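Novice: Here you go, my_file05.txt (compact mmCIF, C-alpha atoms (C1' of nucleotides)):
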```
# COMPACT_ATOMS: atom_id res chain seq x y z
CA MET A 1 96.02 67.62 91.81
CA ARG A 2 94.43 67.13 95.20
CA LEU A 3 96.74 68.43 97.93
CA GLU A 4 96.94 68.35 101.68
CA ARG A 5 98.84 70.43 104.17
CA ARG A 6 101.88 68.20 104.08
CA ASP A 7 102.28 68.55 100.33
CA TRP A 8 102.53 72.29 100.66
CA LEU A 9 105.13 71.96 103.39
CA GLU A 10 107.21 69.51 101.40
CA PHE A 11 107.18 71.66 98.33
CA ALA A 12 107.98 74.75 100.36
CA LEU A 13 110.93 73.06 102.03
CA ASN A 14 112.33 72.33 98.61
CA ALA A 15 111.75 75.83 97.35
CA LEU A 16 113.35 77.14 100.52
CA ALA A 17 116.46 75.04 100.00
CA ILE A 18 116.82 76.08 96.38
CA LYS A 19 115.73 79.71 96.27
CA GLY A 20 115.96 80.84 99.88
CA TYR A 21 113.24 82.20 102.12
CA GLY A 22 112.31 84.76 99.53
CA ALA A 23 110.52 81.94 97.77
CA LEU A 24 108.08 81.48 100.63
CA LYS A 25 105.23 83.36 99.03
CA ALA A 26 101.76 81.94 98.65
CA GLN A 27 101.59 83.09 95.09
CA SER A 28 104.89 81.78 93.79
CA LEU A 29 104.51 78.50 95.63
CA ALA A 30 101.05 78.03 94.17
CA LYS A 31 102.39 78.73 90.73
CA GLY A 32 105.18 76.24 91.28
CA ILE A 33 102.79 73.53 92.41
CA GLY A 34 100.30 74.26 89.71
CA VAL A 35 97.31 75.44 91.73
CA THR A 36 96.00 78.80 92.83
CA ARG A 37 96.25 80.47 96.19
CA GLY A 38 92.79 79.20 96.93
CA SER A 39 94.37 75.97 98.03
CA PHE A 40 96.96 77.76 100.16
CA TYR A 41 94.41 79.79 102.03
CA TRP A 42 92.29 76.77 102.60
CA HIS A 43 95.10 74.80 104.25
CA PHE A 44 96.64 77.74 106.10
CA GLU A 45 95.14 80.73 107.79
CA SER A 46 97.79 83.14 106.64
CA LEU A 47 101.39 83.38 105.56
CA GLU A 48 102.42 83.74 109.17
CA ALA A 49 100.67 80.54 110.12
CA PHE A 50 102.23 78.83 107.16
CA ASN A 51 105.69 79.96 108.14
CA ALA A 52 105.18 78.70 111.65
CA ALA A 53 104.01 75.34 110.36
CA LEU A 54 106.95 75.14 107.99
CA ILE A 55 109.63 75.78 110.57
CA ASP A 56 107.96 73.25 112.85
CA TYR A 57 108.08 70.76 110.03
CA TRP A 58 111.74 71.49 109.48
CA SER A 59 112.52 71.00 113.15
CA GLU A 60 111.07 67.52 113.19
CA HIS A 61 112.65 66.70 109.87
CA THR A 62 116.13 67.70 110.95
CA THR A 63 115.97 66.29 114.45
CA GLU A 64 114.96 62.93 113.13
CA ARG A 65 117.87 63.04 110.72
CA LEU A 66 120.26 63.59 113.60
CA ILE A 67 118.93 60.73 115.67
CA THR A 68 118.65 58.12 112.94
CA GLY A 69 121.74 59.23 111.05
CA VAL A 70 124.38 59.68 113.71
CA SER A 71 123.55 58.52 117.18
CA GLY A 72 123.22 54.95 118.28
CA ALA A 73 125.73 52.56 116.81
CA GLY A 74 129.49 52.88 116.84
CA ALA A 75 132.20 54.07 119.17
CA PRO A 76 132.09 57.69 120.34
CA LEU A 77 134.97 58.62 118.08
CA GLU A 78 133.19 57.17 115.08
CA GLN A 79 129.98 58.92 115.96
CA LEU A 80 131.85 62.17 116.29
CA GLU A 81 133.44 61.74 112.89
CA ARG A 82 130.07 60.87 111.44
CA LEU A 83 128.48 63.91 113.07
CA ILE A 84 131.06 66.26 111.62
CA GLY A 85 131.09 64.47 108.32
CA GLN A 86 127.34 64.68 107.97
CA ALA A 87 127.16 68.28 109.05
CA MET A 88 129.84 69.13 106.54
CA ARG A 89 128.44 67.36 103.55
CA SER A 90 124.72 66.80 103.22
CA GLY A 91 121.71 69.01 103.45
CA ALA A 92 123.77 72.11 103.02
CA ASP A 93 121.31 74.10 100.97
CA LEU A 94 118.38 73.69 103.30
CA GLU A 95 120.45 74.38 106.37
CA ARG A 96 121.87 77.51 104.79
CA ALA A 97 118.46 78.75 103.79
CA VAL A 98 116.92 78.14 107.19
CA ARG A 99 119.77 79.87 108.96
CA SER A 100 119.49 82.75 106.55
CA TRP A 101 115.78 82.88 107.26
CA ALA A 102 116.46 82.89 110.98
CA THR A 103 118.33 86.17 110.68
CA VAL A 104 115.12 87.99 109.81
CA ASP A 105 112.46 86.01 111.67
CA GLU A 106 112.55 85.57 115.40
CA GLY A 107 110.26 82.58 115.44
CA VAL A 108 112.54 80.76 113.06
CA ALA A 109 115.54 81.84 115.11
CA ASN A 110 114.04 80.23 118.20
CA HIS A 111 113.55 76.93 116.44
CA VAL A 112 117.06 76.96 115.05
CA ALA A 113 118.46 77.81 118.46
CA ARG A 114 116.75 74.79 119.95
CA VAL A 115 118.08 72.51 117.24
CA ASP A 116 121.56 73.92 117.74
CA ALA A 117 121.44 73.39 121.47
CA ARG A 118 120.48 69.77 121.01
CA ARG A 119 123.25 69.06 118.54
CA ILE A 120 125.86 70.82 120.66
CA GLN A 121 124.75 68.78 123.65
CA PHE A 122 125.11 65.68 121.55
CA ALA A 123 128.69 66.60 120.67
CA ALA A 124 129.42 67.41 124.29
CA ASP A 125 128.23 63.98 125.40
CA LEU A 126 130.53 62.35 122.89
CA LEU A 127 133.50 64.37 124.07
CA ALA A 128 132.68 63.43 127.64
CA ALA A 129 132.65 59.78 126.67
CA LEU A 130 136.12 60.31 125.23
CA ASP A 131 137.43 61.59 128.57
CA VAL A 132 138.04 65.13 127.44
CA PRO A 133 138.73 67.33 130.48
CA LYS A 134 135.43 68.52 131.88
CA ASP A 135 136.27 72.19 131.85
CA GLU A 136 137.09 72.03 128.15
CA ILE A 137 134.09 70.13 126.92
CA GLY A 138 131.82 73.14 126.70
CA ALA A 139 134.12 75.26 124.61
CA ARG A 140 135.27 72.42 122.37
CA SER A 141 131.82 71.06 121.63
CA LYS A 142 130.58 74.53 120.74
CA MET A 143 133.62 75.23 118.61
CA LEU A 144 133.24 71.92 116.83
CA TYR A 145 129.63 72.59 116.02
CA TRP A 146 130.20 76.19 115.04
CA ALA A 147 132.85 75.10 112.60
CA ALA A 148 130.42 72.74 110.93
CA ILE A 149 127.83 75.49 110.64
CA GLY A 150 130.40 78.05 109.60
CA ARG A 151 131.54 75.93 106.72
CA LEU A 152 127.98 75.63 105.51
CA MET A 153 127.56 79.36 105.57
CA ILE A 154 130.63 79.97 103.48
CA PRO A 155 129.85 80.51 99.82
CA PHE A 156 130.39 77.47 97.63
CA PRO A 157 130.94 75.04 100.52
CA HIS A 158 131.55 72.16 98.15
CA GLU A 159 134.72 73.90 97.02
CA ASN A 160 135.78 74.16 100.61
CA THR A 161 135.74 70.59 101.77
CA LEU A 162 138.15 68.96 104.12
CA SER A 163 139.54 65.59 103.17
CA ASP A 164 138.69 62.59 105.26
CA GLU A 165 142.15 62.69 106.71
CA ASP A 166 141.70 66.30 107.71
CA VAL A 167 138.46 65.48 109.47
CA THR A 168 140.09 62.61 111.28
CA ALA A 169 143.00 64.79 112.38
CA LEU A 170 140.71 67.53 113.63
CA VAL A 171 138.47 65.18 115.52
CA ALA A 172 141.57 63.68 117.11
CA LEU A 173 142.67 67.16 118.10
CA PHE A 174 139.34 67.91 119.71
CA ALA A 175 139.28 64.57 121.48
CA LYS A 176 142.65 65.18 123.10
CA ARG A 177 142.66 64.28 126.80
CA ASP A 178 145.32 66.73 127.89
CA ALA A 179 144.73 70.43 127.90
CA MET B 3 118.95 116.97 102.38
CA ARG B 4 121.48 116.88 99.56
CA LEU B 5 122.89 113.40 99.11
CA GLU B 6 125.64 111.70 97.20
CA ARG B 7 126.30 108.10 96.30
CA ARG B 8 128.19 107.39 99.45
CA ASP B 9 125.32 108.53 101.68
CA TRP B 10 123.04 106.00 100.06
CA LEU B 11 125.58 103.25 100.55
CA GLU B 12 126.16 104.12 104.19
CA PHE B 13 122.48 104.19 104.95
CA ALA B 14 121.94 100.95 103.08
CA LEU B 15 124.72 99.21 104.99
CA ASN B 16 122.98 100.14 108.21
CA ALA B 17 119.60 99.01 106.99
CA LEU B 18 121.20 95.79 105.81
CA ALA B 19 122.71 95.11 109.22
CA ILE B 20 119.47 95.79 111.04
CA LYS B 21 116.75 94.46 108.78
CA GLY B 22 118.58 92.10 106.45
CA TYR B 23 118.86 92.21 102.69
CA GLY B 24 115.11 92.43 102.37
CA ALA B 25 115.52 96.08 103.25
CA LEU B 26 117.53 96.80 100.12
CA LYS B 27 114.66 98.33 98.16
CA ALA B 28 114.89 101.71 96.51
CA GLN B 29 111.52 102.65 97.86
CA SER B 30 111.95 101.73 101.51
CA LEU B 31 115.47 103.14 101.62
CA ALA B 32 114.25 106.40 100.15
CA LYS B 33 111.50 106.55 102.73
CA GLY B 34 114.01 105.89 105.49
CA ILE B 35 116.32 108.63 104.30
CA GLY B 36 113.52 111.04 103.69
CA VAL B 37 113.72 111.52 99.94
CA THR B 38 112.01 109.95 96.96
CA ARG B 39 113.29 107.37 94.55
CA GLY B 40 114.18 110.20 92.23
CA SER B 41 117.42 110.52 94.13
CA PHE B 42 118.09 106.79 94.02
CA TYR B 43 117.68 106.53 90.29
CA TRP B 44 119.83 109.53 89.77
CA HIS B 45 122.76 108.08 91.70
CA PHE B 46 122.32 104.50 90.52
CA GLU B 47 121.25 103.01 87.25
CA SER B 48 119.16 100.28 88.77
CA LEU B 49 118.75 98.13 91.83
CA GLU B 50 121.25 95.68 90.42
CA ALA B 51 123.87 98.36 89.98
CA PHE B 52 123.15 99.57 93.48
CA ASN B 53 123.58 96.10 94.93
CA ALA B 54 126.89 95.69 93.15
CA ALA B 55 128.09 99.03 94.46
CA LEU B 56 126.98 98.15 97.96
CA ILE B 57 128.76 94.84 98.17
CA ASP B 58 131.88 96.50 96.79
CA TYR B 59 131.60 99.10 99.49
CA TRP B 60 131.24 96.37 102.13
CA SER B 61 134.30 94.54 100.85
CA GLU B 62 136.52 97.58 101.28
CA HIS B 63 134.93 98.39 104.60
CA THR B 64 135.52 94.96 106.06
CA THR B 65 138.96 94.37 104.59
CA GLU B 66 140.19 97.60 106.04
CA ARG B 67 138.83 96.57 109.41
CA LEU B 68 140.84 93.36 109.29
CA ILE B 69 144.07 95.07 108.41
CA THR B 70 143.89 97.95 110.84
CA GLY B 71 142.24 95.97 113.61
CA VAL B 72 144.18 92.76 113.83
CA SER B 73 147.34 92.48 111.82
CA GLY B 74 150.54 94.30 112.54
CA ALA B 75 151.50 94.60 116.17
CA GLY B 76 151.83 91.80 118.69
CA ALA B 77 153.04 88.25 118.81
CA PRO B 78 151.35 85.71 116.52
CA LEU B 79 149.49 84.14 119.43
CA GLU B 80 148.11 87.52 120.46
CA GLN B 81 147.10 88.34 116.91
CA LEU B 82 145.36 85.01 116.66
CA GLU B 83 143.45 85.63 119.86
CA ARG B 84 142.55 89.07 118.64
CA LEU B 85 141.40 87.71 115.30
CA ILE B 86 139.13 85.17 116.92
CA GLY B 87 138.00 87.59 119.57
CA GLN B 88 137.09 90.20 116.99
CA ALA B 89 135.37 87.77 114.72
CA MET B 90 133.34 86.51 117.63
CA ARG B 91 132.26 89.79 119.06
CA SER B 92 131.89 92.85 116.88
CA GLY B 93 130.10 93.55 113.67
CA ALA B 94 127.93 90.50 114.04
CA ASP B 95 124.75 91.93 112.57
CA LEU B 96 126.29 93.17 109.36
CA GLU B 97 128.32 90.03 108.83
CA ARG B 98 125.25 87.88 109.36
CA ALA B 99 123.19 89.93 106.98
CA VAL B 100 125.81 89.89 104.25
CA ARG B 101 126.29 86.15 104.55
CA SER B 102 122.56 85.69 104.45
CA TRP B 103 122.44 87.84 101.37
CA ALA B 104 125.18 85.78 99.78
CA THR B 105 122.99 82.69 99.87
CA VAL B 106 120.66 84.20 97.28
CA ASP B 107 122.98 86.40 95.21
CA GLU B 108 125.95 85.00 93.41
CA GLY B 109 127.70 88.31 93.03
CA VAL B 110 127.57 88.83 96.75
CA ALA B 111 128.72 85.27 97.29
CA ASN B 112 131.81 85.92 95.20
CA HIS B 113 132.76 88.94 97.24
CA VAL B 114 132.24 87.10 100.50
CA ALA B 115 134.30 84.18 99.25
CA ARG B 116 137.19 86.49 98.49
CA VAL B 117 137.01 88.07 101.93
CA ASP B 118 136.88 84.63 103.52
CA ALA B 119 139.89 83.42 101.60
CA ARG B 120 141.91 86.38 102.73
CA ARG B 121 141.03 85.94 106.37
CA ILE B 122 141.70 82.21 106.28
CA GLN B 123 145.07 82.88 104.72
CA PHE B 124 145.77 85.35 107.48
CA ALA B 125 145.01 82.73 110.12
CA ALA B 126 147.13 80.17 108.28
CA ASP B 127 150.11 82.52 108.29
CA LEU B 128 149.77 82.98 112.01
CA LEU B 129 149.62 79.25 112.61
CA ALA B 130 152.69 78.82 110.45
CA ALA B 131 154.52 81.39 112.56
CA LEU B 132 153.60 79.30 115.58
CA ASP B 133 155.29 76.24 114.11
CA VAL B 134 152.13 74.23 113.66
CA PRO B 135 152.88 71.15 111.53
CA LYS B 136 152.61 72.10 107.87
CA ASP B 137 150.18 69.39 106.92
CA GLU B 138 147.77 70.53 109.62
CA ILE B 139 147.78 74.23 108.98
CA GLY B 140 145.23 74.13 106.18
CA ALA B 141 142.62 72.21 108.09
CA ARG B 142 143.14 74.04 111.36
CA SER B 143 143.04 77.54 109.91
CA LYS B 144 139.86 76.75 108.03
CA MET B 145 138.29 75.16 111.07
CA LEU B 146 139.24 78.13 113.19
CA TYR B 147 137.71 80.57 110.80
CA TRP B 148 134.63 78.50 110.18
CA ALA B 149 134.00 78.35 113.89
CA ALA B 150 134.11 82.12 114.11
CA ILE B 151 131.65 82.43 111.24
CA GLY B 152 129.48 79.62 112.56
CA ARG B 153 129.06 81.31 115.87
CA LEU B 154 127.92 84.47 114.13
CA MET B 155 125.31 82.55 112.19
CA ILE B 156 123.86 80.97 115.29
CA PRO B 157 120.77 82.78 116.53
CA PHE B 158 121.37 85.14 119.43
CA PRO B 159 125.17 84.90 119.25
CA HIS B 160 125.56 87.22 122.22
CA GLU B 161 124.00 84.52 124.38
CA ASN B 162 126.53 82.06 123.03
CA THR B 163 129.78 83.67 123.87
CA LEU B 164 132.92 81.93 124.98
CA SER B 165 134.75 83.37 127.93
CA ASP B 166 138.20 84.82 127.44
CA GLU B 167 139.66 81.75 129.09
CA ASP B 168 137.80 79.52 126.66
CA VAL B 169 139.18 81.45 123.73
CA THR B 170 142.67 81.23 125.13
CA ALA B 171 142.35 77.49 125.66
CA LEU B 172 141.03 76.93 122.15
CA VAL B 173 143.67 79.01 120.52
CA ALA B 174 146.27 77.08 122.48
CA LEU B 175 144.74 73.86 121.23
CA PHE B 176 144.90 75.03 117.65
CA ALA B 177 148.44 76.26 118.08
CA LYS B 178 149.67 72.89 119.30
CA ARG B 179 152.90 71.83 117.66
CA ASP B 180 152.37 68.08 117.86
CA ALA B 181 149.71 66.33 115.88
C1' DC C 22 70.80 59.43 93.95
C1' DG C 23 71.26 63.37 96.58
C1' DT C 24 73.82 65.71 100.12
C1' DC C 25 77.66 67.25 102.67
C1' DT C 26 82.23 68.27 103.21
C1' DT C 27 86.64 69.11 101.23
C1' DC C 28 89.38 71.23 98.16
C1' DC C 29 90.26 74.59 94.67
C1' DA C 30 89.20 78.65 91.28
C1' DT C 31 87.80 83.36 90.44
C1' DA C 32 87.27 88.00 91.34
C1' DC C 33 88.10 92.14 94.03
C1' DA C 34 90.43 95.41 97.04
C1' DT C 35 94.81 96.90 98.62
C1' DA C 36 99.76 97.40 99.28
C1' DA C 37 104.60 97.63 97.95
C1' DG C 38 107.82 97.31 94.64
C1' DT C 39 110.54 98.62 89.81
C1' DG C 40 111.53 101.62 86.05
C1' DT C 41 110.90 105.69 83.09
C1' DA C 42 109.66 110.20 81.50
C1' DT C 43 109.30 114.66 82.74
C1' DG C 44 108.82 118.65 85.76
C1' DT C 45 111.12 121.57 89.60
C1' DT C 46 114.58 123.64 92.64
C1' DG C 47 118.68 125.49 94.28
C1' DA C 48 123.59 126.34 94.21
C1' DG C 49 127.41 127.73 91.42
C1' DT C 50 129.27 129.95 87.29
C1' DT C 51 130.01 133.45 83.93
C1' DA D 2 120.91 138.63 86.43
C1' DA D 3 120.63 134.89 83.49
C1' DC D 4 122.23 130.28 82.84
C1' DT D 5 123.41 125.57 83.80
C1' DC D 6 123.31 121.41 85.69
C1' DA D 7 123.31 118.34 89.56
C1' DA D 8 119.88 116.58 92.67
C1' DC D 9 115.37 115.63 93.70
C1' DA D 10 109.99 115.35 93.05
C1' DT D 11 105.93 113.77 90.56
C1' DA D 12 103.22 111.03 87.80
C1' DC D 13 102.38 106.88 85.06
C1' DA D 14 102.53 102.04 83.64
C1' DC D 15 103.51 97.62 85.19
C1' DT D 16 104.38 93.58 88.33
C1' DT D 17 103.96 90.80 92.35
C1' DA D 18 102.38 90.15 96.59
C1' DT D 19 98.41 89.49 100.59
C1' DG D 20 93.85 88.59 102.11
C1' DT D 21 88.85 87.84 101.59
C1' DA D 22 84.43 86.60 99.69
C1' DT D 23 82.15 83.62 97.01
C1' DG D 24 81.30 80.24 93.55
C1' DG D 25 82.20 75.51 91.59
C1' DA D 26 83.81 70.64 91.21
C1' DA D 27 84.91 66.07 93.00
C1' DG D 28 84.64 62.44 96.53
C1' DA D 29 82.71 60.17 100.52
C1' DC D 30 78.66 58.45 102.33
C1' DG D 31 74.02 57.28 103.99
```
Written as structure tokens, that's how I'd like the structure from this file.
Specialist:
Amino acid sequence: MRLERRDWLEFALNALAIKGYGALKAQSLAKGIGVTRGSFYWHFESLEAFNAALIDYWSEHTTERLITGVSGAGAPLEQLERLIGQAMRSGADLERAVRSWATVDEGVANHVARVDARRIQFAADLLAALDVPKDEIGARSKMLYWAAIGRLMIPFPHENTLSDEDVTALVALFAKRDA
Amino acid sequence: MRLERRDWLEFALNALAIKGYGALKAQSLAKGIGVTRGSFYWHFESLEAFNAALIDYWSEHTTERLITGVSGAGAPLEQLERLIGQAMRSGADLERAVRSWATVDEGVANHVARVDARRIQFAADLLAALDVPKDEIGARSKMLYWAAIGRLMIPFPHENTLSDEDVTALVALFAKRDA
DNA sequence: CGTCTTCCATACATAAGTGTATGTTGAGTT
DNA sequence: AACTCAACATACACTTATGTATGGAAGACG
């Protein structure tokens, strides 16, 4: 099987989501793909370089998902519900693994921090459009986002889901105009 | 230096907080303590047994902290603020590391899930004491707790702190009586 | 058809880890 | 003083990992 850089990154992203960052070894990845490390070391200078490329790849991947999946169409309240809904349901494994990875790799942490900042800003803009008091937007948007992340980082998140009504109620609470 | 089981667990808990679960190797721990693996394999049957003992140790450690640190004295609103404040400030490194660990070890995940359930229940009781509508308590207590965890799992949490006023405002929002 | 580049395999040196079997020491105990 | 046993050291076999050097195959191309 003739591979290119991107194939390695795709496969690694999958392995990362399933087995965690401990699976990011040239050897085990090669075994999983069905080639030897010769391929790996042709496409990437070293493990470090590979890791850097992988987290870059993830950043693009996840940013694009945010833009195409949530923003754009719909009223602010709908977008907000979609944002929370999406953050609480899909892509949990990969997000968990990346965040776990970020706790032991500063480069990864930087990328994650940038992604977080963007998503929090996105939530803040929506709250602003809903006429939430200015001095509360910062705290509420952060809290909202943290809750979404926190749920992902709880073991067995699928057993810890909020119903659609719960989500609606919470979003309404956070969109409240009065302090 | 003459060691016992507990010394190993204490040292490991520290290493876990600082370097993540990747540091939980008999060899590297032994090197850090200044003994050989002979000691490790005398006190513990295997790495697996050691891991199980360690996560048990953490469970007791962290449960005790909740009980003695938050519950008991003070009005419900104060306790709630203290709960959030504590969850958002101290012990971040260890909590992060354990949660990270839980993503790749089911035994650890089970322990963490039990701890989470207890803390969420604690928050729910406080909200109930504050006359929050019954059908909202479940969602709000979870959301509150998730936010605390989420903030911990965000890179550089110390750069992402809410002010005391923000915490007060948020707690007030979550303690609202009307839907 | 031959050549050049791309992609992968093989082989070697080195490091870090687990587990086990067996030797060694030092503090109590009788 | 001799004994015992808990606590640690040492040595061996095995596995998995990185990185590098070099050889080989398969396409692209003039």
Novice: Counting all atoms listed in the file, which residue out of B:Asn53, B:Gln81, B:Ser30, B:Thr38 sits closest to Leu5 in chain B?
Specialist: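 Looking only at the distances to Leu5 in chain B, the closest residue turns out to be B:Thr38.
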Novice: By how many Å are C1' of DT11 in chain D and CA of Gly40 in chain B apart?
Specialist: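 Going from C1' of DT11 in chain D over to CA of Gly40 in chain B covers 9.1 Å.
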Novice: With only C-alpha atoms (C1' of nucleotides) considered, list every residue of chain C at most 9 Å from chain A, as a JSON list (two decimals) with C-alpha atoms (C1' of nucleotides), in the frame of the given file.
Specialist:
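Now in iface-v4.json:
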```json
[["chain", "number", "residue", "atom", "x", "y", "z"],
["C", 28, "DC", "C1'", 89.38, 71.23, 98.16],
["C", 29, "DC", "C1'", 90.26, 74.59, 94.67],
["C", 30, "DA", "C1'", 89.20, 78.65, 91.28]]
```
Novice: Using only C-alpha atoms (C1' of nucleotides), which chain D residues lie at most 10 Å away from chain B, written as a VMD selection string?
Specialist: chain D and resid 7 to 11
Novice: Just need the residues of chain B within 8 Å of chain A, counting only C-alpha atoms, so spit them out as a VMD selection string.
Specialist: chain B and resid 21 to 22 98 to 99 101 to 106 111 to 112 114 to 115 118 138 141 to 142 145 to 153 155 to 158 164 168 171 to 172 175 181
Novice: Counting all atoms listed in the file, which residues come within 8 Å of (79.1, 60.0, 101.0), with the point read in the file's coordinates, and could you list them as JSON, numbers by chain?
Specialist: {"C": [24, 25], "D": [28, 29, 30, 31]}
Novice: One decimal, Å: what's the distance from CA of Glu81 in chain A over to CA of Val171 in chain A, could you say?
Specialist: 6.6 Å
Novice: Hey, can you check how far CA of Leu11 in chain B sits from CA of Leu56 in chain B?
Specialist: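 A separation of 5.9 Å between them.
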Novice: Find the spatial neighbours of range 39-44 of chain C, counting only C-alpha atoms (C1' of nucleotides), within a cut-off of 10 Å - ignore same-chain residues fewer than 6 positions away - and output them as a VMD selection string.
Specialist: (chain B and resid 27 to 29 43 47 to 49) or (chain D and resid 10 to 16)
Novice: Near DC4 in chain D, within 10 Å and counting all atoms listed in the file, which residues show up once chain neighbours fewer than 2 positions away are dropped, as a short mmCIF file (atom, residue, chain, number, x, y, z; two decimals) with C-alpha atoms (C1' of nucleotides), in the coordinates of the input?
Specialist:
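selection_31.cif, freshly written:
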```
data_model
loop_
_atom_site.label_atom_id
_atom_site.label_comp_id
_atom_site.auth_asym_id
_atom_site.auth_seq_id
_atom_site.Cartn_x
_atom_site.Cartn_y
_atom_site.Cartn_z
"C1'" DT C 50 129.27 129.95 87.29
"C1'" DT C 51 130.01 133.45 83.93
"C1'" DA D 2 120.91 138.63 86.43
"C1'" DC D 6 123.31 121.41 85.69
#
```
Novice: Tell me, as a PyMOL selection string, which residues lie within 8 Å of Leu13 in chain A, counting all atoms listed in the file; anything in the same chain fewer than 2 positions away does not count.
Specialist: chain A and resi 9-11+15-17+54+58+94
Novice: Take range 138-150 of chain B, model N, CA and C atoms, and hand the result over as a short mmCIF file (atom, residue, chain, number, x, y, z; two decimals), in the coordinates of the input.
Specialist:
```
data_model
loop_
_atom_site.label_atom_id
_atom_site.label_comp_id
_atom_site.auth_asym_id
_atom_site.auth_seq_id
_atom_site.Cartn_x
_atom_site.Cartn_y
_atom_site.Cartn_z
N GLU B 138 148.98 70.31 108.81
CA GLU B 138 147.77 70.53 109.62
C GLU B 138 147.28 71.97 109.53
N ILE B 139 148.12 72.81 108.99
CA ILE B 139 147.78 74.23 108.98
C ILE B 139 146.51 74.50 108.19
N GLY B 140 146.40 73.89 107.03
CA GLY B 140 145.23 74.13 106.18
C GLY B 140 143.94 73.83 106.90
N ALA B 141 143.85 72.63 107.43
CA ALA B 141 142.62 72.21 108.09
C ALA B 141 142.34 73.05 109.32
N ARG B 142 143.37 73.31 110.11
CA ARG B 142 143.14 74.04 111.36
C ARG B 142 142.73 75.48 111.11
N SER B 143 143.38 76.14 110.15
CA SER B 143 143.04 77.54 109.91
C SER B 143 141.61 77.66 109.39
N LYS B 144 141.24 76.74 108.52
CA LYS B 144 139.86 76.75 108.03
C LYS B 144 138.89 76.52 109.18
N MET B 145 139.18 75.51 109.96
CA MET B 145 138.29 75.16 111.07
C MET B 145 138.14 76.34 112.02
N LEU B 146 139.24 76.99 112.29
CA LEU B 146 139.24 78.13 113.19
C LEU B 146 138.33 79.23 112.66
N TYR B 147 138.51 79.51 111.40
CA TYR B 147 137.71 80.57 110.80
C TYR B 147 136.25 80.18 110.69
N TRP B 148 136.01 78.95 110.28
CA TRP B 148 134.63 78.50 110.18
C TRP B 148 133.91 78.60 111.51
N ALA B 149 134.63 78.29 112.57
CA ALA B 149 134.00 78.35 113.89
C ALA B 149 133.58 79.79 114.21
N ALA B 150 134.44 80.72 113.85
CA ALA B 150 134.11 82.12 114.11
C ALA B 150 132.86 82.52 113.33
#
```
